[in-house]
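Heads up: the structure comes next, in structure tokens.
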Amino acid sequence: MASLNVYSVLVVLFLTCGAVMATKENDQIIKENNCETKMGFPCVLEAFTSIFETGSISNKCCGELFTLGKFCHSALVKRTLENPLFKFVSPATIIAKSIQTWNNCLALIDSPSPSA
């Protein structure tokens, strides 16, 4: 029975260390790439709303999202999910919505503009 308790403690320690390492990794990515300075606040709100709530993102903000880059976009979403305020949110759903927002922006930017 004691070995089961030791095993349980080791599993908890492993999972905790993994979460801490993921947090540090995302923070490092964000800091090294200046991710927090590449989008204006109104576009950050639009992107956040389209991912964590229900909303759409404008062409202008899609442009800023691409300036931010997919690497920073993913790191910022993952770091937000690590915040205790979002502990009741499904990470799989948010990551799927994050990818959907990125792909929707890609379609907007790649689509040919109408002729004048």
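Scheme for the structure tokens: letters A, B, ... for chains in order shown; per-chain residue numbers from 1; ligand numbers from 1 in order shown.
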Can you list every residue of region 86-106 of chain A that has an atom at most 9 Å from region 61-82 of chain A, with its nearest atom pair and the distance in Å to one decimal, using only C-alpha atoms, ordered by chain then number, as JSON lines?
```
{"residue": "A:Phe86", "atom": "CA", "partner": "A:Leu81", "partner_atom": "CA", "distance": 5.8}
{"residue": "A:Lys87", "atom": "CA", "partner": "A:Leu81", "partner_atom": "CA", "distance": 7.2}
{"residue": "A:Val89", "atom": "CA", "partner": "A:Leu81", "partner_atom": "CA", "distance": 7.8}
{"residue": "A:Ser90", "atom": "CA", "partner": "A:Leu81", "partner_atom": "CA", "distance": 8.8}
{"residue": "A:Pro91", "atom": "CA", "partner": "A:Leu81", "partner_atom": "CA", "distance": 6.7}
{"residue": "A:Ile94", "atom": "CA", "partner": "A:Val77", "partner_atom": "CA", "distance": 8.1}
{"residue": "A:Ile95", "atom": "CA", "partner": "A:Val77", "partner_atom": "CA", "distance": 7.5}
{"residue": "A:Ser98", "atom": "CA", "partner": "A:Val77", "partner_atom": "CA", "distance": 7.4}
{"residue": "A:Ile99", "atom": "CA", "partner": "A:Ser74", "partner_atom": "CA", "distance": 8.6}
{"residue": "A:Thr101", "atom": "CA", "partner": "A:Cys62", "partner_atom": "CA", "distance": 8.8}
{"residue": "A:Trp102", "atom": "CA", "partner": "A:Lys70", "partner_atom": "CA", "distance": 7.8}
{"residue": "A:Asn104", "atom": "CA", "partner": "A:Cys62", "partner_atom": "CA", "distance": 8.6}
{"residue": "A:Cys105", "atom": "CA", "partner": "A:Cys62", "partner_atom": "CA", "distance": 5.1}
{"residue": "A:Leu106", "atom": "CA", "partner": "A:Cys62", "partner_atom": "CA", "distance": 7.8}
```
- Message: If I take CA of Lys97 (chain A) and CA of Phe48 (chain A), how far is one from the other in Å, to one decimal?
- Response: 10.2 Å
